[in-house]
Amino acid sequence: MSICVNLRYTGKDGNARKFAEEMMSSGTVQAIREEAGNIRYEYYFPLEDPETVLLIDEWENQEAIDVHHASPMMKTLADLRNKYDLHMTVNRYLSDEEGLPESDLKFIRK
């Protein structure tokens with residue numbers, strides 16, 4: 001069962017986007033993607049809110065998240081969040097091992 005965490009970073013004056021850009025350009029995102037157990041680490045920008053960035057962060061299990069949280073990258077993340085004065089909301093989801101129900105599949109175009 002994988003764990004997906006959606007983090008919304010919100011700031012002012014474009015700081016959320018600057019944060020994501022610095023995470024990418026500094027190599028921190030790539031380093032996180034290379035950590036054992038990381039499935040995906042992707043930033044998205046809501047069309048209706050230019051002051052927010054959404055991070056979709058997915059891990060194989062809680063142990064992988066715990067190792068990530070104990071890594072030096074967490075200090076880098078915290079320092080950048082402080083630099084750009086960002087605030088966060090977090091939602092956490094567990095994968096559905098059984099997959100999508102048949103009633104939902106009819107709405108998905110592949």
# chains A, B, ... in the order shown; residues from 1 in each chain; ligands from 1

$ select_by_dssp --residues "chain A" --states "helix (DSSP H, G or I)" --output "NGL selection string"
:A and (15-25 or 28-33 or 62-69 or 73-83 or 102-105)

$ write_last_selection --atoms "N, CA and C atoms" --output "short mmCIF file (atom, residue, chain, number, x, y, z; two decimals), in the first residue's frame"
data_model
loop_
_atom_site.label_atom_id
_atom_site.label_comp_id
_atom_site.auth_asym_id
_atom_site.auth_seq_id
_atom_site.Cartn_x
_atom_site.Cartn_y
_atom_site.Cartn_z
N ASN A 15 6.05 33.69 -4.18
CA ASN A 15 7.05 32.94 -3.43
C ASN A 15 6.86 31.42 -3.51
N ALA A 16 5.63 30.94 -3.63
CA ALA A 16 5.42 29.50 -3.72
C ALA A 16 6.06 28.96 -5.00
N ARG A 17 5.88 29.68 -6.09
CA ARG A 17 6.49 29.26 -7.37
C ARG A 17 8.02 29.37 -7.27
N LYS A 18 8.52 30.43 -6.65
CA LYS A 18 9.98 30.59 -6.50
C LYS A 18 10.55 29.44 -5.67
N PHE A 19 9.83 29.03 -4.64
CA PHE A 19 10.24 27.90 -3.81
C PHE A 19 10.37 26.64 -4.67
N ALA A 20 9.33 26.32 -5.44
CA ALA A 20 9.35 25.12 -6.27
C ALA A 20 10.48 25.20 -7.30
N GLU A 21 10.67 26.35 -7.88
CA GLU A 21 11.74 26.52 -8.87
C GLU A 21 13.11 26.31 -8.24
N GLU A 22 13.31 26.82 -7.02
CA GLU A 22 14.60 26.62 -6.35
C GLU A 22 14.78 25.17 -5.93
N MET A 23 13.71 24.51 -5.53
CA MET A 23 13.79 23.08 -5.21
C MET A 23 14.27 22.30 -6.44
N MET A 24 13.76 22.67 -7.61
CA MET A 24 14.16 21.99 -8.85
C MET A 24 15.60 22.35 -9.22
N SER A 25 15.91 23.63 -9.26
CA SER A 25 17.22 24.06 -9.75
C SER A 25 18.37 23.67 -8.82
N THR A 28 17.50 19.41 -5.31
CA THR A 28 16.84 18.77 -4.17
C THR A 28 15.71 17.85 -4.62
N VAL A 29 14.93 18.28 -5.59
CA VAL A 29 13.83 17.44 -6.09
C VAL A 29 14.39 16.14 -6.66
N GLN A 30 15.43 16.24 -7.46
CA GLN A 30 16.00 15.03 -8.05
C GLN A 30 16.55 14.11 -6.97
N ALA A 31 17.18 14.67 -5.95
CA ALA A 31 17.71 13.85 -4.86
C ALA A 31 16.59 13.13 -4.12
N ILE A 32 15.47 13.81 -3.90
CA ILE A 32 14.33 13.17 -3.24
C ILE A 32 13.77 12.06 -4.11
N ARG A 33 13.65 12.31 -5.40
CA ARG A 33 13.14 11.29 -6.32
C ARG A 33 14.02 10.04 -6.33
N GLN A 62 5.26 3.76 4.93
CA GLN A 62 5.58 4.71 5.99
C GLN A 62 7.06 4.70 6.33
N GLU A 63 7.69 3.55 6.26
CA GLU A 63 9.11 3.46 6.57
C GLU A 63 9.93 4.33 5.62
N ALA A 64 9.58 4.35 4.34
CA ALA A 64 10.30 5.19 3.38
C ALA A 64 10.10 6.68 3.72
N ILE A 65 8.90 7.04 4.14
CA ILE A 65 8.64 8.43 4.54
C ILE A 65 9.47 8.78 5.77
N ASP A 66 9.52 7.86 6.74
CA ASP A 66 10.29 8.12 7.96
C ASP A 66 11.77 8.33 7.66
N VAL A 67 12.33 7.52 6.75
CA VAL A 67 13.74 7.68 6.37
C VAL A 67 13.93 9.04 5.69
N HIS A 68 12.99 9.40 4.81
CA HIS A 68 13.04 10.70 4.14
C HIS A 68 12.99 11.84 5.16
N HIS A 69 12.09 11.73 6.13
CA HIS A 69 11.96 12.78 7.14
C HIS A 69 13.21 12.90 8.01
N MET A 73 17.77 16.37 3.65
CA MET A 73 16.93 17.17 2.76
C MET A 73 15.79 17.87 3.50
N MET A 74 15.40 17.34 4.63
CA MET A 74 14.33 17.99 5.38
C MET A 74 14.77 19.35 5.90
N LYS A 75 16.06 19.49 6.26
CA LYS A 75 16.56 20.80 6.67
C LYS A 75 16.56 21.75 5.48
N THR A 76 16.96 21.25 4.32
CA THR A 76 16.92 22.07 3.10
C THR A 76 15.51 22.55 2.83
N LEU A 77 14.54 21.63 2.92
CA LEU A 77 13.13 21.99 2.71
C LEU A 77 12.68 23.04 3.71
N ALA A 78 12.97 22.82 4.98
CA ALA A 78 12.54 23.75 6.03
C ALA A 78 13.18 25.13 5.81
N ASP A 79 14.45 25.16 5.46
CA ASP A 79 15.13 26.43 5.22
C ASP A 79 14.49 27.19 4.05
N LEU A 80 14.16 26.46 2.98
CA LEU A 80 13.53 27.11 1.83
C LEU A 80 12.11 27.58 2.15
N ARG A 81 11.37 26.78 2.90
CA ARG A 81 10.02 27.22 3.30
C ARG A 81 10.10 28.51 4.10
N ASN A 82 11.08 28.59 5.00
CA ASN A 82 11.26 29.81 5.79
C ASN A 82 11.73 30.97 4.92
N LYS A 83 12.65 30.71 4.02
CA LYS A 83 13.16 31.76 3.11
C LYS A 83 12.01 32.41 2.35
N GLU A 102 -15.84 -0.75 -10.70
CA GLU A 102 -16.35 -0.77 -12.08
C GLU A 102 -17.21 0.46 -12.37
N SER A 103 -17.98 0.92 -11.37
CA SER A 103 -18.85 2.08 -11.58
C SER A 103 -18.05 3.35 -11.87
N ASP A 104 -16.81 3.44 -11.42
CA ASP A 104 -15.95 4.60 -11.70
C ASP A 104 -15.21 4.46 -13.02
N LEU A 105 -14.89 3.25 -13.39
CA LEU A 105 -14.10 3.02 -14.61
C LEU A 105 -14.76 3.55 -15.87
#

$ select_by_dssp --residues "chain A" --states "strand (DSSP E or B)" --output "ChimeraX atom specification"
/A:3-10,38-44,52-59,87-94

$ closest_residue --among "A:Ala70, A:Asn6, A:Glu51, A:Gly37" --to "Asp85 (chain A)" --atoms "only C-alpha atoms"
A:Glu51

$ residues_around --residues "Leu54 (chain A)" --least-positions-apart "2" --cutoff "7 Å" --atoms "only C-alpha atoms" --output "PDB file with N, CA and C atoms, in the first residue's frame"
ATOM      1  N   ASN A   6      -0.462  15.096  -0.339  1.00  0.00           N
ATOM      2  CA  ASN A   6      -0.638  16.333  -1.101  1.00  0.00           C
ATOM      3  C   ASN A   6      -0.354  17.500  -0.169  1.00  0.00           C
ATOM      4  N   LEU A   7       0.658  18.282  -0.523  1.00  0.00           N
ATOM      5  CA  LEU A   7       1.032  19.444   0.278  1.00  0.00           C
ATOM      6  C   LEU A   7       0.778  20.696  -0.547  1.00  0.00           C
ATOM      7  N   ARG A   8       0.032  21.619   0.013  1.00  0.00           N
ATOM      8  CA  ARG A   8      -0.190  22.909  -0.637  1.00  0.00           C
ATOM      9  C   ARG A   8       0.650  23.952   0.094  1.00  0.00           C
ATOM     10  N   TYR A   9       1.575  24.544  -0.656  1.00  0.00           N
ATOM     11  CA  TYR A   9       2.405  25.619  -0.132  1.00  0.00           C
ATOM     12  C   TYR A   9       1.812  26.931  -0.616  1.00  0.00           C
ATOM     13  N   TYR A  43       5.510  18.905  -8.630  1.00  0.00           N
ATOM     14  CA  TYR A  43       4.853  20.168  -8.310  1.00  0.00           C
ATOM     15  C   TYR A  43       3.844  20.532  -9.394  1.00  0.00           C
ATOM     16  N   TYR A  44       2.721  21.115  -8.959  1.00  0.00           N
ATOM     17  CA  TYR A  44       1.676  21.596  -9.868  1.00  0.00           C
ATOM     18  C   TYR A  44       1.236  22.980  -9.399  1.00  0.00           C
ATOM     19  N   PHE A  45       0.788  23.782 -10.366  1.00  0.00           N
ATOM     20  CA  PHE A  45       0.353  25.136 -10.060  1.00  0.00           C
ATOM     21  C   PHE A  45      -1.125  25.287 -10.384  1.00  0.00           C
ATOM     22  N   THR A  52      -0.151  29.665  -4.797  1.00  0.00           N
ATOM     23  CA  THR A  52      -0.086  28.323  -4.224  1.00  0.00           C
ATOM     24  C   THR A  52       0.588  27.371  -5.195  1.00  0.00           C
ATOM     25  N   ILE A  56       2.669  16.777  -5.029  1.00  0.00           N
ATOM     26  CA  ILE A  56       2.182  15.410  -4.873  1.00  0.00           C
ATOM     27  C   ILE A  56       3.412  14.556  -4.592  1.00  0.00           C
TER      28      ILE A  56
END
